[in-house]
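For reference, final38.txt is printed below; it contains compact mmCIF, C-alpha atoms and all ligand atoms.
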```
# COMPACT_ATOMS: atom_id res chain seq x y z
CA MET A 782 -5.38 12.20 -22.23
CA LYS A 783 -4.89 14.05 -18.99
CA SER A 784 -1.79 13.51 -16.92
CA ALA A 785 -2.56 12.69 -13.30
CA LEU A 786 1.02 12.75 -12.15
CA SER A 787 4.42 12.99 -13.75
CA THR A 788 7.98 13.00 -12.53
CA ASN A 789 10.56 15.50 -13.69
CA LYS A 790 14.10 14.10 -13.41
CA ILE A 791 13.36 12.53 -10.06
CA GLU A 792 16.34 11.12 -8.19
CA LYS A 793 16.98 8.86 -5.23
CA HIS A 794 20.44 7.64 -4.21
CA PHE A 795 21.57 5.25 -1.50
CA ASP A 796 25.27 5.63 -0.69
CA GLY A 797 26.33 6.00 -4.29
CA VAL A 798 23.68 3.62 -5.70
CA TYR A 799 21.52 5.56 -8.14
CA ALA A 800 18.32 3.65 -7.36
CA VAL A 801 16.24 6.19 -9.32
CA ASN A 802 18.33 8.23 -11.70
CA LYS A 803 16.79 11.43 -13.14
CA LEU A 804 13.64 9.65 -14.19
CA SER A 805 10.88 11.49 -16.08
CA ILE A 806 7.70 9.48 -16.63
CA ALA A 807 3.96 10.19 -16.56
CA PHE A 808 0.78 8.51 -15.39
CA GLU A 809 -2.58 9.32 -17.00
CA GLN A 810 -6.10 9.41 -15.65
CA GLY A 811 -8.24 6.41 -16.54
CA LYS A 812 -5.20 4.35 -17.56
CA ILE A 813 -3.21 1.53 -16.07
CA THR A 814 0.47 2.34 -16.35
CA SER A 815 2.77 -0.52 -15.47
CA ILE A 816 6.38 -0.44 -14.39
CA VAL A 817 8.55 -3.48 -14.94
CA GLY A 818 12.27 -4.13 -14.69
CA PRO A 819 14.74 -6.56 -13.17
CA ASN A 820 15.06 -6.91 -9.39
CA GLY A 821 16.73 -3.84 -7.97
CA SER A 822 15.94 -1.64 -10.99
CA GLY A 823 14.30 0.99 -8.78
CA LYS A 824 10.56 0.29 -9.10
CA SER A 825 9.77 0.26 -5.40
CA THR A 826 12.18 3.10 -4.73
CA LEU A 827 10.34 5.21 -7.28
CA VAL A 828 7.00 4.58 -5.60
CA ASN A 829 8.54 5.05 -2.15
CA THR A 830 9.94 8.41 -3.25
CA LEU A 831 6.66 9.54 -4.83
CA THR A 832 4.78 8.62 -1.65
CA GLY A 833 7.13 10.30 0.80
CA MET A 834 8.76 7.17 2.24
CA HIS A 835 12.13 8.36 0.95
CA ALA A 836 13.21 11.99 0.65
CA MET A 837 13.90 12.96 -2.98
CA ASP A 838 17.48 13.77 -3.86
CA GLY A 839 16.52 15.78 -6.93
CA GLY A 840 13.82 16.54 -9.42
CA GLU A 841 10.15 17.11 -8.77
CA ILE A 842 6.71 15.54 -8.81
CA VAL A 843 4.15 17.29 -10.99
CA ILE A 844 0.52 16.79 -10.04
CA GLY A 845 -2.12 17.08 -12.78
CA ASP A 846 -1.25 19.23 -15.77
CA GLY A 847 1.46 21.16 -13.97
CA GLY A 848 -0.35 23.39 -11.51
CA VAL A 849 1.28 21.73 -8.51
CA ARG A 850 5.00 20.91 -8.42
CA ILE A 851 6.53 19.21 -5.40
CA SER A 852 10.17 18.71 -4.49
CA LYS A 853 9.46 17.48 -0.97
CA ILE A 854 6.61 15.29 0.26
CA ALA A 855 5.90 13.72 3.66
CA PRO A 856 3.95 10.45 3.97
CA ASN A 857 1.05 12.17 5.75
CA GLU A 858 0.69 14.65 2.86
CA VAL A 859 0.32 11.92 0.25
CA PRO A 860 -3.52 11.60 0.38
CA SER A 861 -3.90 15.38 0.12
CA TYR A 862 -2.25 15.14 -3.32
CA GLY A 863 -4.79 12.47 -4.26
CA MET A 864 -2.39 9.53 -3.94
CA THR A 865 -2.48 6.21 -2.14
CA ARG A 866 -0.57 2.93 -2.39
CA THR A 867 -0.08 -0.66 -1.36
CA PHE A 868 3.22 -2.00 -0.08
CA GLN A 869 5.33 -4.87 -1.42
CA ASP A 870 5.47 -5.99 2.24
CA VAL A 871 1.84 -5.67 3.36
CA ARG A 872 1.09 -3.13 6.12
CA LEU A 873 -2.07 -3.43 8.21
CA PHE A 874 -3.40 -2.74 11.69
CA GLU A 875 -2.40 -6.21 12.82
CA GLN A 876 -4.13 -6.31 16.20
CA MET A 877 -7.48 -5.24 14.82
CA PRO A 878 -10.29 -7.16 13.16
CA VAL A 879 -10.55 -7.05 9.39
CA LEU A 880 -13.69 -4.90 9.54
CA ASP A 881 -12.04 -2.27 11.76
CA ASN A 882 -9.09 -2.09 9.37
CA LEU A 883 -11.55 -0.79 6.81
CA LEU A 884 -13.67 1.39 9.09
CA ILE A 885 -10.60 3.34 10.16
CA VAL A 886 -9.89 4.24 6.56
CA LEU A 887 -13.53 5.02 5.77
CA THR A 888 -14.18 7.27 8.75
CA LYS A 889 -10.78 8.99 8.97
CA ARG A 890 -11.44 9.89 12.59
CA GLY A 891 -8.20 8.36 13.72
CA VAL A 892 -7.81 5.02 15.43
CA TRP A 893 -9.43 6.12 18.69
CA GLY A 894 -12.53 7.76 17.29
CA SER A 895 -13.04 5.01 14.77
CA LEU A 896 -12.95 2.27 17.40
CA PHE A 897 -15.20 3.83 20.00
CA GLU A 898 -17.69 5.94 18.13
CA LYS A 899 -20.79 4.53 16.55
CA HIS A 900 -20.29 4.00 12.84
CA SER A 901 -22.70 5.50 10.37
CA ALA A 902 -24.81 3.17 8.27
CA TYR A 903 -23.00 4.57 5.23
CA HIS A 904 -19.56 3.56 6.50
CA LEU A 905 -20.72 0.09 7.52
CA GLU A 906 -22.36 -0.40 4.14
CA LYS A 907 -19.22 0.69 2.29
CA ALA A 908 -17.06 -1.56 4.46
CA GLU A 909 -19.31 -4.54 3.72
CA GLU A 910 -19.44 -3.78 0.00
CA THR A 911 -15.64 -3.50 -0.15
CA LEU A 912 -14.96 -6.64 1.88
CA ARG A 913 -17.41 -8.63 -0.26
CA LYS A 914 -15.68 -7.36 -3.38
CA VAL A 915 -12.35 -8.85 -2.28
CA GLY A 916 -13.95 -11.95 -0.75
CA LEU A 917 -13.11 -11.14 2.90
CA TRP A 918 -16.57 -10.47 4.34
CA GLU A 919 -16.66 -13.87 6.03
CA LYS A 920 -13.37 -12.97 7.72
CA ARG A 921 -14.54 -9.60 9.06
CA HIS A 922 -14.13 -10.53 12.76
CA GLU A 923 -10.71 -12.14 12.30
CA MET A 924 -7.64 -10.24 13.53
CA ALA A 925 -5.60 -8.99 10.56
CA LYS A 926 -2.52 -10.79 11.89
CA ASN A 927 -4.32 -14.15 11.64
CA LEU A 928 -5.07 -13.86 7.92
CA SER A 929 -3.16 -15.87 5.33
CA TYR A 930 -0.58 -14.07 3.19
CA GLY A 931 -2.99 -13.74 0.25
CA GLN A 932 -5.84 -12.56 2.45
CA ARG A 933 -3.58 -9.90 3.93
CA LYS A 934 -2.82 -8.60 0.46
CA LEU A 935 -6.54 -8.54 -0.36
CA LEU A 936 -7.23 -6.62 2.84
CA GLU A 937 -4.60 -4.07 1.93
CA ILE A 938 -6.25 -3.66 -1.47
CA ALA A 939 -9.65 -3.34 0.23
CA ARG A 940 -8.19 -0.51 2.29
CA VAL A 941 -7.11 1.26 -0.88
CA LEU A 942 -10.63 0.87 -2.29
CA ALA A 943 -12.06 2.21 0.96
CA MET A 944 -9.82 5.27 0.72
CA CYS A 945 -11.46 6.02 -2.63
CA HIS A 946 -14.81 6.02 -0.76
CA GLY A 947 -13.68 8.04 2.26
CA SER A 948 -16.58 10.40 2.82
CA ASP A 949 -14.67 13.29 4.35
CA GLY A 950 -11.17 12.80 2.95
CA ALA A 951 -9.35 14.09 -0.08
CA ALA A 952 -10.35 12.50 -3.38
CA ILE A 953 -7.99 9.69 -4.35
CA GLU A 954 -7.06 9.83 -8.02
CA ILE A 955 -3.67 8.09 -8.18
CA ILE A 956 -3.14 4.56 -6.88
CA PHE A 957 0.16 2.68 -6.75
CA PHE A 958 0.12 -1.11 -6.51
CA ASP A 959 3.52 -2.61 -5.67
CA GLU A 960 3.37 -6.29 -6.73
CA PRO A 961 -0.24 -6.86 -5.63
CA PHE A 962 -0.40 -10.30 -7.28
CA ALA A 963 2.75 -11.84 -5.78
CA GLY A 964 1.87 -14.93 -3.75
CA LEU A 965 -1.85 -14.90 -4.58
CA PHE A 966 -3.90 -17.97 -5.53
CA PRO A 967 -5.52 -17.85 -9.01
CA GLU A 968 -8.96 -16.93 -7.65
CA MET A 969 -7.44 -14.02 -5.75
CA VAL A 970 -5.53 -12.91 -8.84
CA LYS A 971 -8.85 -12.69 -10.71
CA THR A 972 -10.33 -10.59 -7.92
CA VAL A 973 -7.43 -8.14 -7.95
CA ILE A 974 -7.48 -7.89 -11.74
CA SER A 975 -11.15 -6.93 -11.66
CA VAL A 976 -10.57 -4.41 -8.85
CA ILE A 977 -7.78 -2.75 -10.84
CA LYS A 978 -9.90 -2.64 -14.01
CA GLU A 979 -12.75 -1.09 -12.06
CA LEU A 980 -10.48 1.66 -10.74
CA ARG A 981 -9.45 2.43 -14.31
CA THR A 982 -13.11 2.61 -15.36
CA GLN A 983 -13.67 5.08 -12.54
CA GLY A 984 -11.01 7.29 -14.13
CA LYS A 985 -8.24 6.71 -11.60
CA ALA A 986 -4.61 6.69 -12.64
CA VAL A 987 -3.47 3.19 -11.69
CA ILE A 988 0.24 2.44 -11.44
CA LEU A 989 1.14 -1.22 -11.35
CA ILE A 990 4.48 -2.79 -10.49
CA GLU A 991 4.42 -6.43 -11.53
CA HIS A 992 6.72 -9.25 -12.68
CA ASN A 993 4.11 -11.52 -14.29
CA MET A 994 4.12 -10.68 -18.00
CA ASP A 995 0.72 -12.24 -18.73
CA ILE A 996 -0.84 -9.90 -16.18
CA ILE A 997 1.18 -6.97 -17.56
CA ARG A 998 -0.10 -7.70 -21.08
CA GLU A 999 -3.68 -8.03 -19.91
CA LEU A 1000 -3.81 -4.88 -17.80
CA SER A 1001 -1.35 -2.30 -19.07
CA ASP A 1002 -2.36 0.61 -21.25
CA HIS A 1003 1.18 1.89 -21.14
CA LEU A 1004 4.38 0.24 -19.98
CA TYR A 1005 7.67 1.60 -18.64
CA VAL A 1006 10.73 -0.61 -18.33
CA LEU A 1007 13.32 0.45 -15.78
CA ASP A 1008 16.88 -0.73 -15.65
CA ALA A 1009 19.34 0.52 -13.03
CA GLY A 1010 17.06 3.41 -12.10
CA GLN A 1011 16.68 4.69 -15.65
CA LEU A 1012 14.10 4.34 -18.38
CA LEU A 1013 15.04 1.54 -20.79
CA ALA A 1014 11.85 1.48 -22.86
CA GLU A 1015 8.24 2.65 -22.94
CA GLY A 1016 5.14 2.12 -25.02
CA LYS A 1017 2.43 -0.44 -25.68
CA PRO A 1018 3.13 -3.63 -23.70
CA ASP A 1019 3.32 -6.01 -26.68
CA GLU A 1020 5.76 -3.81 -28.58
CA VAL A 1021 7.93 -3.08 -25.57
CA LEU A 1022 8.11 -6.67 -24.35
CA SER A 1023 9.29 -7.94 -27.72
CA ARG A 1024 12.21 -5.51 -27.86
CA ARG A 1025 15.60 -7.20 -27.76
CA ASP A 1026 17.15 -4.81 -25.20
CA VAL A 1027 14.19 -5.35 -22.87
CA ILE A 1028 14.44 -9.14 -23.13
CA GLU A 1029 18.19 -8.92 -22.52
CA ALA A 1030 17.73 -6.75 -19.43
CA TYR A 1031 15.57 -9.53 -17.98
CA LEU A 1032 17.83 -12.37 -19.05
CA GLY A 1033 20.73 -10.58 -17.41
CA GLU A 1034 19.03 -10.85 -14.02
N1 LIG A 1101 16.30 1.57 1.96
C1 LIG A 1101 17.32 1.30 1.14
N2 LIG A 1101 18.61 1.48 1.54
C2 LIG A 1101 19.64 1.21 0.71
N3 LIG A 1101 19.49 0.78 -0.55
C3 LIG A 1101 18.25 0.59 -1.01
C4 LIG A 1101 17.10 0.82 -0.19
N4 LIG A 1101 15.99 0.54 -0.91
C5 LIG A 1101 16.42 0.14 -2.13
N5 LIG A 1101 17.77 0.16 -2.17
C6 LIG A 1101 18.59 -0.18 -3.36
O1 LIG A 1101 18.08 0.55 -4.46
C7 LIG A 1101 18.05 -0.25 -5.65
C8 LIG A 1101 16.62 -0.35 -6.17
O2 LIG A 1101 15.84 -1.16 -5.27
P1 LIG A 1101 14.26 -1.33 -5.41
O3 LIG A 1101 13.80 -2.03 -4.20
O4 LIG A 1101 13.67 -0.02 -5.72
O5 LIG A 1101 14.16 -2.28 -6.68
P2 LIG A 1101 12.86 -2.97 -7.32
O6 LIG A 1101 12.90 -2.65 -8.76
O7 LIG A 1101 11.65 -2.62 -6.55
O8 LIG A 1101 13.22 -4.51 -7.13
P3 LIG A 1101 12.25 -5.80 -6.87
O9 LIG A 1101 11.75 -6.21 -8.22
O10 LIG A 1101 13.20 -6.81 -6.31
O11 LIG A 1101 11.19 -5.40 -5.90
C9 LIG A 1101 18.67 -1.59 -5.25
O12 LIG A 1101 20.04 -1.52 -5.55
C10 LIG A 1101 18.44 -1.64 -3.76
O13 LIG A 1101 19.43 -2.43 -3.14
MG MG A 1102 10.26 -3.72 -5.47
```

Starting from the coordinates I provided, produce the structure as structure tokens.
Amino acid sequence: MKSALSTNKIEKHFDGVYAVNKLSIAFEQGKITSIVGPNGSGKSTLVNTLTGMHAMDGGEIVIGDGGVRISKIAPNEVPSYGMTRTFQDVRLFEQMPVLDNLLIVLTKRGVWGSLFEKHSAYHLEKAEETLRKVGLWEKRHEMAKNLSYGQRKLLEIARVLAMCHGSDGAAIEIIFFDEPFAGLFPEMVKTVISVIKELRTQGKAVILIEHNMDIIRELSDHLYVLDAGQLLAEGKPDEVLSRRDVIEAYLGE
């Protein structure tokens, strides 16, 4: 299988806390790779470092099979490397309607152009298709800030899907989901599971951070367990989750 992205001894420290400690892991195309670990084990910090939210303190990111190696990445460069993400704390254009939150991503003309130019039929069609997929089409005129917690998470996921359709942007191949299921109602969980499976079918490398082990078992092709910023275990989810040291790491929480 082809590697979409791997890390080579990547490091991130906060005042002596080794949040991510010389971690080397890989994410493959057309696979869902999950990352689990106790609270504070470095899962979000890893994704934040890979997506330019934190400066790396060491190591490098390797894109594809090794042609591109990065030791510094800014948030605005992330899409040009084929990456996008959701946040554990949802981030949206709060003062804009749901539909505009998608059109901005689809058109990539910046906030101003996207709001005041006429949208192409293609972009409107894609926005509708995406909002219907996550069950938010009926809410398209609602301000993002007025959505429920679960609806906000679905809108953020819709934005990620829209990025994959962006007509003029870089191709998105690597998608990080940081706890996309937390706080969702069962119907919404089903929707997000099917969205994630569809991205895998499309050949994307999907990286999932999640605490719910049933979801991890259902979705993961490969599983990494982090503990204190380091790799504790990796492999097939069923094997890894039955390991004694993995169970103990969780019980110790
Ligand atoms: N911005 C920051 N400043 C200082 N310390 C931080 C910062 N972000 C994370 N940390 C620390 O880094 C470590 C890893 O945190 P991180 O949020 O990556 O864990 P996590 O595995 O995502 O946990 P959770 O399951 O609770 O989301 C923790 O000790 C945390 O306190
Ligand atoms: Mg986290």

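When only C-alpha atoms and all ligand atoms are used to measure the gap to ligand MG 1102 (chain A), the shortest distance among A:Leu936, A:Ile953, A:Leu827, A:Ile791 belongs to A:Leu827.
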
Exercise answer, 9 Å around ligand LIG 1101 (chain A) with only C-alpha atoms and all ligand atoms, as a VMD selection string: chain A and resid 793 to 796 798 to 801 816 to 829 835 869 959 to 960 990 to 992 1007 to 1010

Restrict the selected residues to C-alpha atoms and save them as a compact mmCIF listing (two decimals), keeping the file's coordinate frame.
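What landed in out_23.txt:
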```
# COMPACT_ATOMS: atom_id res chain seq x y z
CA LYS A 793 16.98 8.86 -5.23
CA HIS A 794 20.44 7.64 -4.21
CA PHE A 795 21.57 5.25 -1.50
CA ASP A 796 25.27 5.63 -0.69
CA VAL A 798 23.68 3.62 -5.70
CA TYR A 799 21.52 5.56 -8.14
CA ALA A 800 18.32 3.65 -7.36
CA VAL A 801 16.24 6.19 -9.32
CA ILE A 816 6.38 -0.44 -14.39
CA VAL A 817 8.55 -3.48 -14.94
CA GLY A 818 12.27 -4.13 -14.69
CA PRO A 819 14.74 -6.56 -13.17
CA ASN A 820 15.06 -6.91 -9.39
CA GLY A 821 16.73 -3.84 -7.97
CA SER A 822 15.94 -1.64 -10.99
CA GLY A 823 14.30 0.99 -8.78
CA LYS A 824 10.56 0.29 -9.10
CA SER A 825 9.77 0.26 -5.40
CA THR A 826 12.18 3.10 -4.73
CA LEU A 827 10.34 5.21 -7.28
CA VAL A 828 7.00 4.58 -5.60
CA ASN A 829 8.54 5.05 -2.15
CA HIS A 835 12.13 8.36 0.95
CA GLN A 869 5.33 -4.87 -1.42
CA ASP A 959 3.52 -2.61 -5.67
CA GLU A 960 3.37 -6.29 -6.73
CA ILE A 990 4.48 -2.79 -10.49
CA GLU A 991 4.42 -6.43 -11.53
CA HIS A 992 6.72 -9.25 -12.68
CA LEU A 1007 13.32 0.45 -15.78
CA ASP A 1008 16.88 -0.73 -15.65
CA ALA A 1009 19.34 0.52 -13.03
CA GLY A 1010 17.06 3.41 -12.10
```

Residue nearest A:Ile885 among A:Arg940, A:His1003, A:Lys926, A:Arg1024 (counting only C-alpha atoms): A:Arg940

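Note that the spacing between atom CA of A:Leu942 and atom CA of A:Thr911 amounts to 7.0 Å.
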
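Neighbouring residues of stretch 976-983 of chain A at 6 Å or closer, counting only C-alpha atoms and skipping chain neighbours under 2 positions away, are Gly811, Lys812, Val973, Ile974 and Lys985 of chain A.
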
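Considering the residues A:Asp846, A:Asp838, A:Asp870, A:Asp1019 and counting all atoms listed in the file, ligand MG 1102 (chain A) has its shortest atom-to-atom contact with A:Asp870.
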
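Atom to atom, atom CA of A:Val915 and atom CA of A:Leu1000 stand 18.2 Å apart.
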
Counting all atoms listed in the file, the residue of A:Ala785, A:Phe874, A:Phe958, A:Thr888 that sits nearest ligand MG 1102 (chain A): A:Phe958

Nearby residues (all atoms listed in the file) at most 7 Å from stretch 856-866 of chain A, same-chain spacing under 3 positions excluded, as a list in words: Thr832, Gly833, Met834, Val941, Ala951, Ala952, Ile953, Glu954, Ile955, Ile956, Phe957 and Phe958 of chain A

Interatomic distance, atom CA of A:Lys907 to atom CA of A:Gly964 (Å, one decimal): 26.9 Å

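You can rank A:Leu935, A:Ala986, A:Ile844, A:Val1006 by their closest distance to A:Glu968 using all atoms listed in the file, and at the top of that list sits A:Leu935.
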
With 6 Å of padding per side, what axis-aligned box (centre and edge lengths, Å, one decimal) covers all the listed atoms of stretch 904-917 of chain A? Give it as AutoDock Vina command-line options.
```
--center_x -17.4 --center_y -4.2 --center_z 2.1 --size_x 22.0 --size_y 27.5 --size_z 22.9
```

A:Ala925 surroundings by all atoms listed in the file, 8 Å radius, close-in-sequence under 3 positions cut, as a PyMOL selection string: chain A and resi 873-879+882+928+933

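Among A:Lys803, A:Lys914, A:Lys920, A:His946, the residue with the shortest atom-to-atom distance to A:Asn789, counting all atoms listed in the file, is A:Lys803.
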
Residues within 12 Å of A:Val843, all atoms listed in the file, excluding chain neighbours under 3 positions, as a PyMOL selection string: chain A and resi 784-791+805-808+831+840+846-854+862

Write out N, CA and C atoms for stretch 854-876 of chain A, as a PDB file, keeping the file's coordinate frame.
```
ATOM      1  N   ILE A 854       7.939  15.774  -0.128  1.00  0.00           N
ATOM      2  CA  ILE A 854       6.610  15.290   0.260  1.00  0.00           C
ATOM      3  C   ILE A 854       6.743  14.365   1.465  1.00  0.00           C
ATOM      4  N   ALA A 855       5.897  14.567   2.460  1.00  0.00           N
ATOM      5  CA  ALA A 855       5.900  13.720   3.660  1.00  0.00           C
ATOM      6  C   ALA A 855       4.791  12.678   3.513  1.00  0.00           C
ATOM      7  N   PRO A 856       4.964  11.499   4.127  1.00  0.00           N
ATOM      8  CA  PRO A 856       3.950  10.450   3.970  1.00  0.00           C
ATOM      9  C   PRO A 856       2.533  10.911   4.316  1.00  0.00           C
ATOM     10  N   ASN A 857       2.407  11.750   5.352  1.00  0.00           N
ATOM     11  CA  ASN A 857       1.050  12.170   5.750  1.00  0.00           C
ATOM     12  C   ASN A 857       0.425  13.168   4.777  1.00  0.00           C
ATOM     13  N   GLU A 858       1.236  13.717   3.860  1.00  0.00           N
ATOM     14  CA  GLU A 858       0.690  14.650   2.860  1.00  0.00           C
ATOM     15  C   GLU A 858       0.203  13.935   1.599  1.00  0.00           C
ATOM     16  N   VAL A 859       0.564  12.649   1.488  1.00  0.00           N
ATOM     17  CA  VAL A 859       0.320  11.920   0.250  1.00  0.00           C
ATOM     18  C   VAL A 859      -1.170  11.909  -0.154  1.00  0.00           C
ATOM     19  N   PRO A 860      -2.096  11.598   0.781  1.00  0.00           N
ATOM     20  CA  PRO A 860      -3.520  11.600   0.380  1.00  0.00           C
ATOM     21  C   PRO A 860      -4.008  12.984  -0.072  1.00  0.00           C
ATOM     22  N   SER A 861      -3.430  14.043   0.498  1.00  0.00           N
ATOM     23  CA  SER A 861      -3.900  15.380   0.120  1.00  0.00           C
ATOM     24  C   SER A 861      -3.526  15.717  -1.328  1.00  0.00           C
ATOM     25  N   TYR A 862      -2.560  14.983  -1.890  1.00  0.00           N
ATOM     26  CA  TYR A 862      -2.250  15.140  -3.320  1.00  0.00           C
ATOM     27  C   TYR A 862      -3.017  14.116  -4.163  1.00  0.00           C
ATOM     28  N   GLY A 863      -3.955  13.409  -3.523  1.00  0.00           N
ATOM     29  CA  GLY A 863      -4.790  12.470  -4.260  1.00  0.00           C
ATOM     30  C   GLY A 863      -4.153  11.108  -4.490  1.00  0.00           C
ATOM     31  N   MET A 864      -3.095  10.792  -3.713  1.00  0.00           N
ATOM     32  CA  MET A 864      -2.390   9.530  -3.940  1.00  0.00           C
ATOM     33  C   MET A 864      -2.585   8.546  -2.798  1.00  0.00           C
ATOM     34  N   THR A 865      -2.575   7.250  -3.158  1.00  0.00           N
ATOM     35  CA  THR A 865      -2.480   6.210  -2.140  1.00  0.00           C
ATOM     36  C   THR A 865      -1.737   5.019  -2.749  1.00  0.00           C
ATOM     37  N   ARG A 866      -1.417   4.016  -1.912  1.00  0.00           N
ATOM     38  CA  ARG A 866      -0.570   2.930  -2.390  1.00  0.00           C
ATOM     39  C   ARG A 866      -0.768   1.654  -1.594  1.00  0.00           C
ATOM     40  N   THR A 867      -0.279   0.546  -2.150  1.00  0.00           N
ATOM     41  CA  THR A 867      -0.080  -0.660  -1.360  1.00  0.00           C
ATOM     42  C   THR A 867       1.423  -0.872  -1.224  1.00  0.00           C
ATOM     43  N   PHE A 868       1.802  -1.740  -0.308  1.00  0.00           N
ATOM     44  CA  PHE A 868       3.220  -2.000  -0.080  1.00  0.00           C
ATOM     45  C   PHE A 868       3.589  -3.403  -0.551  1.00  0.00           C
ATOM     46  N   GLN A 869       4.845  -3.548  -1.015  1.00  0.00           N
ATOM     47  CA  GLN A 869       5.330  -4.870  -1.420  1.00  0.00           C
ATOM     48  C   GLN A 869       5.296  -5.798  -0.189  1.00  0.00           C
ATOM     49  N   ASP A 870       5.641  -5.251   0.972  1.00  0.00           N
ATOM     50  CA  ASP A 870       5.470  -5.990   2.240  1.00  0.00           C
ATOM     51  C   ASP A 870       4.233  -5.389   2.914  1.00  0.00           C
ATOM     52  N   VAL A 871       3.163  -6.159   2.948  1.00  0.00           N
ATOM     53  CA  VAL A 871       1.840  -5.670   3.360  1.00  0.00           C
ATOM     54  C   VAL A 871       1.878  -4.969   4.727  1.00  0.00           C
ATOM     55  N   ARG A 872       1.157  -3.864   4.843  1.00  0.00           N
ATOM     56  CA  ARG A 872       1.090  -3.130   6.120  1.00  0.00           C
ATOM     57  C   ARG A 872      -0.362  -2.940   6.543  1.00  0.00           C
ATOM     58  N   LEU A 873      -0.693  -3.479   7.717  1.00  0.00           N
ATOM     59  CA  LEU A 873      -2.070  -3.430   8.210  1.00  0.00           C
ATOM     60  C   LEU A 873      -2.078  -3.052   9.682  1.00  0.00           C
ATOM     61  N   PHE A 874      -3.268  -2.817  10.237  1.00  0.00           N
ATOM     62  CA  PHE A 874      -3.400  -2.740  11.690  1.00  0.00           C
ATOM     63  C   PHE A 874      -3.569  -4.172  12.179  1.00  0.00           C
ATOM     64  N   GLU A 875      -2.460  -4.771  12.580  1.00  0.00           N
ATOM     65  CA  GLU A 875      -2.400  -6.210  12.820  1.00  0.00           C
ATOM     66  C   GLU A 875      -3.307  -6.693  13.946  1.00  0.00           C
ATOM     67  N   GLN A 876      -3.413  -5.876  15.002  1.00  0.00           N
ATOM     68  CA  GLN A 876      -4.130  -6.310  16.200  1.00  0.00           C
ATOM     69  C   GLN A 876      -5.608  -5.946  16.130  1.00  0.00           C
TER      70      GLN A 876
END
```
